[in-house]
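> Mind looking over this structure? Questions follow.
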Amino acid sequence: MANRGVTVVDMPTRHVLLAVAVAVVWGINFVVIDVGLGSFPPLLFAALRFTLVAFPAVLVVRRPPVPLRWVIGVGTFMSAGQFGLLFVAIHNGLPAGLASVVLPTQTVFTIALAVAFLGERPGRGQLAGAAVAVGGVALIAAGRAHDVPLGGLLLCIGAAASWGVGNICNRRAQAPDALALLVWSSLVPPLPLFALSLAFEGPHQIGAAFADLGPGGLLALLYVVILSTGFGFGTWTWLLRRHPASRVAPASLLVPPVGIAAAWIALGQSPNAGELAGAAIILAGLALATSAVRVPRSPAAHLRGVPRTGVVRSADGN
C-alpha cells in the first residue's frame with residue numbers, strides 16, 4: 001500500500017516480459033508501416049488492414065453488447081481516423097521514428113476530452129505531464145529539420161487527436177469483450193477508406209499496388225494485421241484484465257525509443273538534436289502523466305483495468 005486508497009500490484013516477471021514484447025512489436029510497427037507504404041498508397045493500406053482484421057473473424061465473433069453508436073465511434077476515430085491520418089502523414093514524409101513519438105501524445109487529447117465529456121478530474125501530475133508533452137511537440141514543430149514537413153507533423157497530431165476521441169468512445173462503450181469490440185468496430189473503416197482511396201489515390205494506383213505487390217508489401221500487411229493487431233492488442237488486453245492499467249501502461253513508453261532505433265537502423269532516419277530533445281521532453285511528459293494515474297481500491301475498477309482519473313490505451317491505438 002503506497003497511498004491511502006491506492007493498491008499497488010506487482011506484475012509477475014513473465015507478464016512484464018509480455019508487455020515489453022508488445023512494446024517492441026508496436027515500435028517496429030512504425031518501420032513496417034513505412035515499408036508497406038512502398039507497396040500500397042496510404043488510404044488503401046489502412047483499408048486493407050481493417051478488412052483483414054474484420055474478416056473472417058466477424059463471422060465467428062459475436063457482436064459486443066454495447067450501443068451501436070459506440071462501436072461506430074471506435075471504428076471511426078480509433079481505427080479509420082487514427083490510422084488513415086497516420087499512414088498519410090508517413091507517406092507525406094514524416095519519419096517513422098518521429099511518428100512513434102508524436103502519436104502517443106494522444107494521452108494529452110484523452111485527458112482533455114475526458115474532462116470535457118466524462119466529467120473526469122485529472123490530477124496535477126497528469127496535467128503537468130500533458131503540458132510537458134505538448135511543449136516537446138512544440139519544440140519539434142519549431143525546430144523541425146528540412147526532412148520533417150509541417151503538414152506530415154500536423155497530420156500525425158490529428159491522428160493522435162482522433163485516437164483520443166476513440167478512447168472516449170471506447171470508455172463509454174465499456175465492452176465486456178474488447179476483442180469483440182475490435183473485430184466489429186473494424187467493419188467501419190474499410191468502406192470509407194476504400195472510397196477515399198478511390199477518390200484521392202485513384203484506380204490506377206490501386207490497380208498498380210495489387211499488380212506489383214511483392215513479398216515486402218505482403219509481409220508488411222500481415223505484420224500490421226497479425227503481430228501488431230492480433231498479438232499486440234490481444235496480449236495487451238489480456239494484461240489489462242489482470243493488472244491495473246497504471247501498471248501495464250508504462251511499458252508503452254518503450255514504443256517511441258524502439259520506433260526511433262528501428263527507423264534509424266532499418267531506414268537510416270537519424271533524428272537531429274532538436275528532434276531528440278523534443279522526443280525526450282515528450283517521453284518525460286508522458287511518463288509523468290502515466291505515473292500520476294492512481295488506481296482506486298474498488299474491485300470493479302481493478303477488474304476493468306481502467307483508472308478513474310484517465311483513459312489509458314495501447315500505443316498502437318487498438
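Residues in the C-alpha cells are named by chain (A, B, ... in the order shown) and by number from 1 within that chain; ligands are numbered from 1 in the order shown.
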Which residues of region 97-160 of chain A come within 6 Å of region 255-259 of chain A, and what is each one's closest atom pair and distance in Å (one decimal), counting only C-alpha atoms, sorted by chain and residue number, as CSV?

```
residue,atom,partner,partner_atom,distance
A:Gly97,CA,A:Gly259,CA,4.9
A:Ser100,CA,A:Pro256,CA,4.9
A:Val101,CA,A:Pro256,CA,4.8
```
> Would you put the residues from that selection into a file with N, CA, C and O atoms, as an mmCIF file, in the first residue's frame?

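Final output, part-v2.cif:
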```
data_model
loop_
_atom_site.group_PDB
_atom_site.id
_atom_site.type_symbol
_atom_site.label_atom_id
_atom_site.label_comp_id
_atom_site.auth_asym_id
_atom_site.auth_seq_id
_atom_site.Cartn_x
_atom_site.Cartn_y
_atom_site.Cartn_z
ATOM 1 N N GLY A 97 10.258 7.065 -37.198
ATOM 2 C CA GLY A 97 10.694 7.172 -35.806
ATOM 3 C C GLY A 97 10.053 8.335 -35.092
ATOM 4 O O GLY A 97 9.628 8.217 -33.938
ATOM 5 N N SER A 100 6.470 7.677 -34.180
ATOM 6 C CA SER A 100 6.303 6.836 -32.991
ATOM 7 C C SER A 100 6.366 7.649 -31.708
ATOM 8 O O SER A 100 5.911 7.182 -30.660
ATOM 9 N N VAL A 101 6.923 8.867 -31.778
ATOM 10 C CA VAL A 101 6.995 9.739 -30.612
ATOM 11 C C VAL A 101 5.774 10.646 -30.531
ATOM 12 O O VAL A 101 5.206 10.868 -29.457
#
```
> With a distance cut-off of 9 Å and only C-alpha atoms, select the neighbouring residues of region 180-185 of chain A, excluding the residue or stretch itself and same-chain residues fewer than 5 positions from it, and output the selection as number ranges by chain.
A: 50, 53-55, 57-58, 61-64, 66, 70-76, 79, 170, 173, 175, 233, 318
> Rank nothing, just name the residue among A:Ala266, A:Val248, A:Ala80, A:Ile168 nearest to Phe194 (chain A), using only C-alpha atoms.
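Using only C-alpha atoms, the shortest distance to Phe194 (chain A) belongs to A:Ala80.
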> Give the helix (DSSP H, G or I) residues of region 17-174 of chain A, as DSSP finds them on the backbone, and put them as a CSV table (one decimal) with N, CA and C atoms, in the first residue's frame.

```csv
chain,number,residue,atom,x,y,z
A,17,LEU,N,7.6,-9.2,-19.2
A,17,LEU,CA,8.2,-9.5,-20.5
A,17,LEU,C,7.2,-9.5,-21.6
A,18,LEU,N,6.0,-9.9,-21.4
A,18,LEU,CA,5.0,-9.9,-22.4
A,18,LEU,C,4.7,-8.4,-22.8
A,19,ALA,N,4.6,-7.6,-21.8
A,19,ALA,CA,4.3,-6.2,-22.0
A,19,ALA,C,5.4,-5.5,-22.8
A,20,VAL,N,6.7,-5.9,-22.5
A,20,VAL,CA,7.8,-5.4,-23.2
A,20,VAL,C,7.8,-5.9,-24.7
A,21,ALA,N,7.5,-7.2,-24.8
A,21,ALA,CA,7.4,-7.7,-26.2
A,21,ALA,C,6.4,-7.0,-27.1
A,22,VAL,N,5.2,-6.7,-26.5
A,22,VAL,CA,4.2,-5.9,-27.2
A,22,VAL,C,4.8,-4.5,-27.6
A,23,ALA,N,5.4,-3.9,-26.7
A,23,ALA,CA,6.0,-2.6,-27.0
A,23,ALA,C,7.0,-2.6,-28.1
A,24,VAL,N,7.8,-3.7,-28.1
A,24,VAL,CA,8.8,-3.8,-29.2
A,24,VAL,C,8.1,-4.1,-30.5
A,25,VAL,N,7.1,-4.9,-30.5
A,25,VAL,CA,6.3,-5.2,-31.8
A,25,VAL,C,5.7,-3.9,-32.3
A,26,TRP,N,5.1,-3.0,-31.4
A,26,TRP,CA,4.5,-1.8,-31.8
A,26,TRP,C,5.5,-0.8,-32.2
A,27,GLY,N,6.7,-0.8,-31.6
A,27,GLY,CA,7.7,0.2,-32.0
A,27,GLY,C,8.2,-0.1,-33.4
A,28,ILE,N,8.5,-1.4,-33.7
A,28,ILE,CA,8.9,-1.8,-35.0
A,28,ILE,C,7.8,-1.6,-36.0
A,29,ASN,N,6.5,-1.6,-35.6
A,29,ASN,CA,5.4,-1.4,-36.5
A,29,ASN,C,5.5,-0.1,-37.3
A,30,PHE,N,6.1,0.9,-36.7
A,30,PHE,CA,6.2,2.2,-37.5
A,30,PHE,C,7.1,2.0,-38.7
A,31,VAL,N,8.2,1.2,-38.5
A,31,VAL,CA,9.0,1.0,-39.7
A,31,VAL,C,8.3,0.1,-40.7
A,32,VAL,N,7.5,-0.9,-40.2
A,32,VAL,CA,6.8,-1.8,-41.1
A,32,VAL,C,5.8,-1.0,-41.9
A,33,ILE,N,5.1,0.0,-41.3
A,33,ILE,CA,4.2,0.9,-42.0
A,33,ILE,C,4.9,1.6,-43.1
A,34,ASP,N,6.1,2.1,-42.8
A,34,ASP,CA,6.9,2.8,-43.8
A,34,ASP,C,7.2,1.9,-45.0
A,35,VAL,N,7.5,0.6,-44.7
A,35,VAL,CA,7.8,-0.3,-45.7
A,35,VAL,C,6.6,-0.7,-46.5
A,36,GLY,N,5.5,-0.8,-45.8
A,36,GLY,CA,4.2,-1.2,-46.5
A,36,GLY,C,3.8,0.0,-47.5
A,42,PRO,N,-1.4,5.1,-49.0
A,42,PRO,CA,-1.7,5.0,-47.6
A,42,PRO,C,-3.2,4.7,-47.2
A,43,LEU,N,-4.1,5.3,-47.9
A,43,LEU,CA,-5.5,5.0,-47.6
A,43,LEU,C,-5.9,3.6,-47.9
A,44,LEU,N,-5.4,3.1,-49.0
A,44,LEU,CA,-5.7,1.7,-49.4
A,44,LEU,C,-5.0,0.7,-48.4
A,45,PHE,N,-3.8,1.1,-47.9
A,45,PHE,CA,-3.1,0.2,-46.9
A,45,PHE,C,-3.9,0.2,-45.6
A,46,ALA,N,-4.5,1.3,-45.2
A,46,ALA,CA,-5.3,1.3,-44.0
A,46,ALA,C,-6.6,0.5,-44.2
A,47,ALA,N,-7.2,0.7,-45.4
A,47,ALA,CA,-8.4,-0.1,-45.6
A,47,ALA,C,-8.2,-1.6,-45.6
A,48,LEU,N,-7.1,-2.0,-46.2
A,48,LEU,CA,-6.8,-3.4,-46.2
A,48,LEU,C,-6.5,-4.0,-44.8
A,49,ARG,N,-5.8,-3.2,-44.0
A,49,ARG,CA,-5.5,-3.6,-42.6
A,49,ARG,C,-6.8,-4.0,-41.9
A,50,PHE,N,-7.8,-3.1,-41.9
A,50,PHE,CA,-9.0,-3.3,-41.1
A,50,PHE,C,-9.9,-4.3,-41.8
A,51,THR,N,-9.8,-4.5,-43.1
A,51,THR,CA,-10.6,-5.5,-43.8
A,51,THR,C,-10.2,-6.9,-43.3
A,52,LEU,N,-8.8,-7.1,-43.2
A,52,LEU,CA,-8.3,-8.4,-42.7
A,52,LEU,C,-8.5,-8.6,-41.2
A,53,VAL,N,-8.6,-7.5,-40.5
A,53,VAL,CA,-8.9,-7.6,-39.0
A,53,VAL,C,-10.3,-8.1,-38.8
A,54,ALA,N,-11.2,-7.5,-39.7
A,54,ALA,CA,-12.6,-7.8,-39.5
A,54,ALA,C,-13.0,-9.2,-40.1
A,57,ALA,N,-13.0,-12.9,-39.0
A,57,ALA,CA,-13.2,-13.0,-37.6
A,57,ALA,C,-14.7,-12.6,-37.3
A,58,VAL,N,-15.2,-11.7,-38.0
A,58,VAL,CA,-16.6,-11.2,-37.7
A,58,VAL,C,-17.6,-12.3,-37.8
A,59,LEU,N,-17.3,-13.4,-38.6
A,59,LEU,CA,-18.2,-14.5,-38.8
A,59,LEU,C,-18.3,-15.4,-37.6
A,68,LEU,N,-24.7,0.6,-30.6
A,68,LEU,CA,-24.1,0.7,-31.9
A,68,LEU,C,-23.3,2.0,-32.1
A,69,ARG,N,-23.7,3.1,-31.5
A,69,ARG,CA,-23.0,4.4,-31.8
A,69,ARG,C,-21.6,4.3,-31.3
A,70,TRP,N,-21.4,3.6,-30.2
A,70,TRP,CA,-20.0,3.5,-29.6
A,70,TRP,C,-19.1,2.6,-30.5
A,71,VAL,N,-19.7,1.5,-31.0
A,71,VAL,CA,-19.0,0.7,-32.0
A,71,VAL,C,-18.6,1.5,-33.2
A,72,ILE,N,-19.5,2.3,-33.7
A,72,ILE,CA,-19.2,3.1,-34.9
A,72,ILE,C,-18.2,4.2,-34.5
A,73,GLY,N,-18.3,4.8,-33.3
A,73,GLY,CA,-17.4,5.8,-32.8
A,73,GLY,C,-15.9,5.2,-32.7
A,74,VAL,N,-15.8,4.1,-32.1
A,74,VAL,CA,-14.4,3.5,-32.0
A,74,VAL,C,-13.9,3.2,-33.4
A,75,GLY,N,-14.7,2.6,-34.3
A,75,GLY,CA,-14.2,2.3,-35.7
A,75,GLY,C,-13.9,3.6,-36.4
A,76,THR,N,-14.6,4.6,-36.2
A,76,THR,CA,-14.4,5.9,-37.0
A,76,THR,C,-13.2,6.6,-36.5
A,77,PHE,N,-13.0,6.8,-35.2
A,77,PHE,CA,-11.9,7.6,-34.7
A,77,PHE,C,-10.7,6.8,-34.3
A,78,MET,N,-10.9,5.7,-33.6
A,78,MET,CA,-9.7,5.0,-33.1
A,78,MET,C,-9.0,4.2,-34.3
A,79,SER,N,-9.8,3.8,-35.2
A,79,SER,CA,-9.3,3.0,-36.3
A,79,SER,C,-9.1,3.8,-37.6
A,80,ALA,N,-10.3,4.2,-38.3
A,80,ALA,CA,-10.2,4.9,-39.5
A,80,ALA,C,-9.4,6.2,-39.4
A,81,GLY,N,-9.9,7.1,-38.5
A,81,GLY,CA,-9.3,8.4,-38.4
A,81,GLY,C,-7.8,8.3,-38.0
A,82,GLN,N,-7.5,7.5,-36.9
A,82,GLN,CA,-6.1,7.5,-36.4
A,82,GLN,C,-5.2,7.0,-37.5
A,83,PHE,N,-5.5,5.8,-38.1
A,83,PHE,CA,-4.5,5.2,-39.0
A,83,PHE,C,-4.6,5.7,-40.4
A,84,GLY,N,-5.7,6.2,-40.8
A,84,GLY,CA,-5.8,6.9,-42.1
A,84,GLY,C,-4.9,8.1,-42.1
A,85,LEU,N,-5.0,8.9,-41.0
A,85,LEU,CA,-4.1,10.1,-40.9
A,85,LEU,C,-2.7,9.8,-40.7
A,86,LEU,N,-2.4,8.7,-39.9
A,86,LEU,CA,-1.0,8.3,-39.6
A,86,LEU,C,-0.3,7.8,-40.9
A,87,PHE,N,-1.0,7.0,-41.6
A,87,PHE,CA,-0.4,6.4,-42.8
A,87,PHE,C,-0.2,7.6,-43.9
A,88,VAL,N,-1.1,8.5,-44.0
A,88,VAL,CA,-0.9,9.6,-44.9
A,88,VAL,C,0.3,10.5,-44.4
A,89,ALA,N,0.4,10.7,-43.1
A,89,ALA,CA,1.5,11.5,-42.6
A,89,ALA,C,2.8,10.9,-42.9
A,90,ILE,N,3.0,9.6,-42.7
A,90,ILE,CA,4.3,8.9,-43.0
A,90,ILE,C,4.5,8.9,-44.5
A,91,HIS,N,3.4,8.7,-45.3
A,91,HIS,CA,3.6,8.8,-46.8
A,91,HIS,C,4.0,10.1,-47.2
A,96,ALA,N,9.3,7.7,-39.8
A,96,ALA,CA,8.6,6.7,-39.0
A,96,ALA,C,9.0,6.8,-37.5
A,97,GLY,N,10.3,7.1,-37.2
A,97,GLY,CA,10.7,7.2,-35.8
A,97,GLY,C,10.1,8.3,-35.1
A,98,LEU,N,9.9,9.5,-35.8
A,98,LEU,CA,9.3,10.6,-35.2
A,98,LEU,C,7.8,10.4,-35.0
A,99,ALA,N,7.2,9.7,-35.9
A,99,ALA,CA,5.8,9.4,-35.8
A,99,ALA,C,5.5,8.6,-34.5
A,100,SER,N,6.5,7.7,-34.2
A,100,SER,CA,6.3,6.8,-33.0
A,100,SER,C,6.4,7.6,-31.7
A,101,VAL,N,6.9,8.9,-31.8
A,101,VAL,CA,7.0,9.7,-30.6
A,101,VAL,C,5.8,10.6,-30.5
A,102,VAL,N,5.4,11.2,-31.7
A,102,VAL,CA,4.3,12.2,-31.7
A,102,VAL,C,2.9,11.5,-31.4
A,103,LEU,N,2.7,10.3,-32.0
A,103,LEU,CA,1.4,9.7,-31.9
A,103,LEU,C,0.9,9.4,-30.5
A,104,PRO,N,1.8,9.0,-29.5
A,104,PRO,CA,1.4,8.8,-28.2
A,104,PRO,C,1.0,10.0,-27.4
A,105,THR,N,1.1,11.2,-28.0
A,105,THR,CA,0.6,12.4,-27.4
A,105,THR,C,-1.0,12.4,-27.3
A,106,GLN,N,-1.5,11.3,-27.9
A,106,GLN,CA,-3.0,11.1,-27.7
A,106,GLN,C,-3.4,11.2,-26.2
A,107,THR,N,-2.4,10.9,-25.3
A,107,THR,CA,-2.7,11.0,-23.9
A,107,THR,C,-3.2,12.4,-23.5
A,108,VAL,N,-2.6,13.4,-24.1
A,108,VAL,CA,-3.0,14.8,-23.9
A,108,VAL,C,-4.4,15.0,-24.3
A,109,PHE,N,-4.8,14.6,-25.5
A,109,PHE,CA,-6.1,14.8,-26.0
A,109,PHE,C,-7.1,14.0,-25.2
A,110,THR,N,-6.7,12.7,-24.8
A,110,THR,CA,-7.6,11.9,-24.0
A,110,THR,C,-8.0,12.6,-22.7
A,111,ILE,N,-7.0,13.1,-22.0
A,111,ILE,CA,-7.2,13.8,-20.7
A,111,ILE,C,-8.1,15.0,-20.9
A,112,ALA,N,-7.9,15.8,-21.9
A,112,ALA,CA,-8.7,17.0,-22.2
A,112,ALA,C,-10.2,16.6,-22.5
A,113,LEU,N,-10.3,15.5,-23.3
A,113,LEU,CA,-11.7,15.1,-23.7
A,113,LEU,C,-12.4,14.4,-22.6
A,114,ALA,N,-11.6,13.7,-21.7
A,114,ALA,CA,-12.3,13.1,-20.6
A,114,ALA,C,-12.8,14.1,-19.6
A,115,VAL,N,-12.1,15.2,-19.5
A,115,VAL,CA,-12.6,16.3,-18.6
A,115,VAL,C,-13.8,17.0,-19.2
A,116,ALA,N,-13.8,17.2,-20.5
A,116,ALA,CA,-14.9,17.8,-21.2
A,116,ALA,C,-16.2,17.0,-21.3
A,117,PHE,N,-16.0,15.7,-21.6
A,117,PHE,CA,-17.2,14.9,-21.9
A,117,PHE,C,-17.5,13.8,-20.8
A,118,LEU,N,-16.5,13.4,-20.0
A,118,LEU,CA,-16.8,12.4,-19.0
A,118,LEU,C,-16.8,13.0,-17.6
A,124,ARG,N,-2.9,16.9,-10.7
A,124,ARG,CA,-1.9,17.9,-11.1
A,124,ARG,C,-0.7,17.2,-11.9
A,125,GLY,N,-0.4,16.0,-11.5
A,125,GLY,CA,0.7,15.3,-12.2
A,125,GLY,C,0.3,15.0,-13.6
A,126,GLN,N,-0.9,14.6,-13.9
A,126,GLN,CA,-1.3,14.3,-15.2
A,126,GLN,C,-1.3,15.6,-16.1
A,127,LEU,N,-1.8,16.7,-15.5
A,127,LEU,CA,-1.9,18.0,-16.2
A,127,LEU,C,-0.5,18.5,-16.5
A,128,ALA,N,0.4,18.3,-15.5
A,128,ALA,CA,1.8,18.8,-15.7
A,128,ALA,C,2.5,17.9,-16.8
A,129,GLY,N,2.2,16.6,-16.8
A,129,GLY,CA,2.8,15.8,-17.8
A,129,GLY,C,2.3,16.1,-19.2
A,130,ALA,N,1.0,16.4,-19.3
A,130,ALA,CA,0.4,16.7,-20.6
A,130,ALA,C,1.0,18.0,-21.1
A,131,ALA,N,1.2,19.0,-20.2
A,131,ALA,CA,1.8,20.3,-20.6
A,131,ALA,C,3.2,20.1,-21.1
A,132,VAL,N,4.0,19.2,-20.4
A,132,VAL,CA,5.4,19.0,-20.8
A,132,VAL,C,5.4,18.3,-22.2
A,133,ALA,N,4.5,17.3,-22.4
A,133,ALA,CA,4.5,16.6,-23.7
A,133,ALA,C,4.1,17.6,-24.8
A,134,VAL,N,3.2,18.5,-24.6
A,134,VAL,CA,2.8,19.5,-25.6
A,134,VAL,C,4.0,20.4,-25.9
A,135,GLY,N,4.8,20.7,-24.9
A,135,GLY,CA,6.0,21.5,-25.1
A,135,GLY,C,7.0,20.8,-26.0
A,136,GLY,N,7.1,19.5,-25.8
A,136,GLY,CA,8.0,18.7,-26.7
A,136,GLY,C,7.6,18.7,-28.1
A,137,VAL,N,6.3,18.6,-28.4
A,137,VAL,CA,5.8,18.7,-29.7
A,137,VAL,C,6.0,20.0,-30.3
A,138,ALA,N,5.8,21.1,-29.5
A,138,ALA,CA,6.1,22.5,-30.0
A,138,ALA,C,7.5,22.7,-30.4
A,139,LEU,N,8.4,22.1,-29.6
A,139,LEU,CA,9.9,22.2,-29.8
A,139,LEU,C,10.2,21.5,-31.2
A,140,ILE,N,9.6,20.3,-31.4
A,140,ILE,CA,9.9,19.7,-32.7
A,140,ILE,C,9.3,20.5,-33.9
A,141,ALA,N,8.1,21.0,-33.7
A,141,ALA,CA,7.5,21.8,-34.8
A,141,ALA,C,8.3,23.1,-35.0
A,142,ALA,N,8.8,23.7,-34.0
A,142,ALA,CA,9.5,25.0,-34.2
A,142,ALA,C,10.9,24.8,-34.8
A,150,LEU,N,5.9,20.1,-42.1
A,150,LEU,CA,4.9,20.6,-41.2
A,150,LEU,C,3.6,19.9,-41.4
A,151,GLY,N,3.2,19.7,-42.7
A,151,GLY,CA,2.0,19.0,-43.0
A,151,GLY,C,1.9,17.6,-42.4
A,152,GLY,N,3.0,16.8,-42.5
A,152,GLY,CA,3.0,15.5,-42.0
A,152,GLY,C,2.9,15.5,-40.5
A,153,LEU,N,3.6,16.5,-39.9
A,153,LEU,CA,3.6,16.6,-38.4
A,153,LEU,C,2.1,16.9,-37.9
A,154,LEU,N,1.5,17.8,-38.6
A,154,LEU,CA,0.1,18.1,-38.3
A,154,LEU,C,-0.9,17.0,-38.5
A,155,LEU,N,-0.6,16.2,-39.5
A,155,LEU,CA,-1.5,15.0,-39.8
A,155,LEU,C,-1.3,14.0,-38.6
A,156,CYS,N,-0.1,13.8,-38.2
A,156,CYS,CA,0.2,12.9,-37.1
A,156,CYS,C,-0.5,13.4,-35.8
A,157,ILE,N,-0.4,14.7,-35.5
A,157,ILE,CA,-1.1,15.2,-34.4
A,157,ILE,C,-2.6,15.0,-34.5
A,158,GLY,N,-3.1,15.2,-35.7
A,158,GLY,CA,-4.6,14.9,-36.0
A,158,GLY,C,-4.9,13.4,-35.7
A,159,ALA,N,-3.9,12.5,-36.1
A,159,ALA,CA,-4.1,11.1,-35.8
A,159,ALA,C,-4.2,10.9,-34.3
A,160,ALA,N,-3.3,11.6,-33.5
A,160,ALA,CA,-3.3,11.4,-32.0
A,160,ALA,C,-4.7,12.0,-31.5
A,161,ALA,N,-5.2,13.1,-32.0
A,161,ALA,CA,-6.4,13.6,-31.6
A,161,ALA,C,-7.6,12.7,-31.9
A,162,SER,N,-7.6,12.0,-33.0
A,162,SER,CA,-8.6,11.1,-33.4
A,162,SER,C,-8.6,9.9,-32.5
A,163,TRP,N,-7.3,9.4,-32.1
A,163,TRP,CA,-7.2,8.3,-31.1
A,163,TRP,C,-7.8,8.7,-29.8
A,164,GLY,N,-7.6,10.0,-29.4
A,164,GLY,CA,-8.1,10.5,-28.1
A,164,GLY,C,-9.7,10.4,-28.1
A,165,VAL,N,-10.3,10.8,-29.2
A,165,VAL,CA,-11.7,10.7,-29.4
A,165,VAL,C,-12.2,9.3,-29.3
A,166,GLY,N,-11.4,8.4,-30.0
A,166,GLY,CA,-11.7,7.0,-30.0
A,166,GLY,C,-11.6,6.4,-28.6
A,167,ASN,N,-10.7,6.9,-27.8
A,167,ASN,CA,-10.6,6.4,-26.4
A,167,ASN,C,-11.8,6.7,-25.6
A,168,ILE,N,-12.4,7.9,-25.8
A,168,ILE,CA,-13.6,8.3,-25.1
A,168,ILE,C,-14.8,7.4,-25.5
A,169,CYS,N,-14.9,7.2,-26.8
A,169,CYS,CA,-15.9,6.2,-27.3
A,169,CYS,C,-15.7,4.8,-26.7
A,170,ASN,N,-14.5,4.4,-26.6
A,170,ASN,CA,-14.2,3.1,-26.0
A,170,ASN,C,-14.5,3.1,-24.6
A,171,ARG,N,-14.2,4.2,-23.9
A,171,ARG,CA,-14.6,4.2,-22.4
A,171,ARG,C,-16.1,4.2,-22.2
A,172,ARG,N,-16.8,4.9,-23.1
A,172,ARG,CA,-18.3,5.0,-23.0
A,172,ARG,C,-18.9,3.6,-23.3
A,173,ALA,N,-18.2,2.9,-24.2
A,173,ALA,CA,-18.8,1.6,-24.7
A,173,ALA,C,-18.7,0.6,-23.5
```
> Between CA of Pro215 (chain A) and CA of Leu227 (chain A), measure the distance and give it in Å to one decimal.
16.6 Å
> Which distance in Å separates CA of Leu213 (chain A) and CA of Ser39 (chain A), to one decimal?
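Computing the Euclidean distance for CA of Leu213 (chain A) and CA of Ser39 (chain A) yields 6.3 Å.
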